[in-house]
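To keep things clear, I will list the structure first and then write my remarks on it.
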Amino acid sequence: QVRLVESGGGLVQPGGSLRLSCVASGAIFSIDTMNWYRQAPGKEREWVGGDSRSGVTSYEGYLKGRFTISRDNSKTTLYLQMDSLKPEDTAVYSCKARCSDTDYWGQGTQVTVSS
């Protein structure tokens with residue numbers, strides 16, 4: 001079992017920045033990849049990007065350049081640095097860990113971009 005806890009969300013003005021964190025606990029040795037997703041009101045969940053065990057980071061194409069994903073050396077915390085935020089980035093951001101054939105999700109953190 002893996003437990004994921006996200007934090008760092010909040011209200012930010014357009015053009016601002018936020019850094020989200022996703023802390024994993026439990027069977028962290030079994031984690032293959034960790035990914036960020038987001039879901040805006042009335043829209044389907046969207047993949048933001050992720051980091052593999054080998055350290056390869058990938059992004060949804062149009063978000064690359066504004067969003068940066070990283071993981072700490074212990075591989076227990078996944079970060080999402082979001083810059084130049086826009087109102088359309090408003091969503092609940094969630095972290096997912098994939099362990100073999102099992103996915104674990106955090107509870108999500110709300111990001112609201114508004115003036």
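Here's how to read the names in the structure tokens: chain A, B, ... by the order shown, residue numbers from 1 in each chain, ligand numbers from 1 in the order shown.
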Within 10 Å of stretch 59-74 of chain A, which residues of stretch 5-55 of chain A show up? Give each one with its shortest atom-to-atom distance in Å (one decimal) and the two atoms involved, counting only C-alpha atoms, rows by chain then rising residue number, as a tab-separated table.
```
residue	atom	partner	partner_atom	distance
A:Ser17	CA	A:Arg66	CA	9.4
A:Leu18	CA	A:Phe67	CA	9.8
A:Arg19	CA	A:Thr68	CA	9.3
A:Leu20	CA	A:Ile69	CA	9.5
A:Ser21	CA	A:Arg71	CA	9.3
A:Cys22	CA	A:Arg71	CA	9.3
A:Val23	CA	A:Arg71	CA	9.9
A:Ile28	CA	A:Ser74	CA	9.7
A:Met34	CA	A:Arg71	CA	9.1
A:Asn35	CA	A:Ile69	CA	8.9
A:Trp36	CA	A:Ile69	CA	8.6
A:Tyr37	CA	A:Glu60	CA	10.0
A:Glu46	CA	A:Glu60	CA	8.8
A:Trp47	CA	A:Glu60	CA	6.6
A:Val48	CA	A:Glu60	CA	5.3
A:Gly49	CA	A:Tyr59	CA	4.0
A:Gly50	CA	A:Tyr59	CA	6.6
A:Asp51	CA	A:Ser70	CA	7.2
A:Ser52	CA	A:Arg71	CA	9.6
A:Arg53	CA	A:Arg71	CA	9.8
A:Gly55	CA	A:Arg71	CA	8.2
```
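Neighbours of A:Ala24 closer than or equal to 6 Å, with only C-alpha atoms counted and sequence neighbours fewer than 3 positions away skipped, come out as Arg3, Leu4 and Thr76 of chain A.
Proximity to A:Lys43 was assessed for A:Val113, A:Val12, A:Ala91, A:Cys99 counting only C-alpha atoms; the smallest distance is recorded for A:Ala91.
Interatomic distance, atom CA of A:Val111 to atom CA of A:Tyr79: 14.3 Å.
Residue nearest A:Gly10, chosen from A:Val56, A:Val92, A:Leu80, A:Ala97 and counting only C-alpha atoms: A:Val92.
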Would you please work out which residue, of A:Arg45, A:Leu85, A:Gly8, A:Arg38, is nearest to A:Ser115 when using only C-alpha atoms?
A:Leu85
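Rounded to one decimal, atom CA of A:Gly108 and atom CA of A:Ala40 lie 11.9 Å from each other.
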Shortest interatomic distance to A:Ser114 - which of A:Thr90, A:Gln81, A:Thr102, A:Ser54, counting only C-alpha atoms
A:Thr90
note - atom CA of A:Tyr93 and atom CA of A:Gly26 are separated by 21.3 Å
Check the DSSP output for the backbone and give back, as a count of residues only, the residues of chain A in strand (DSSP E or B).
65
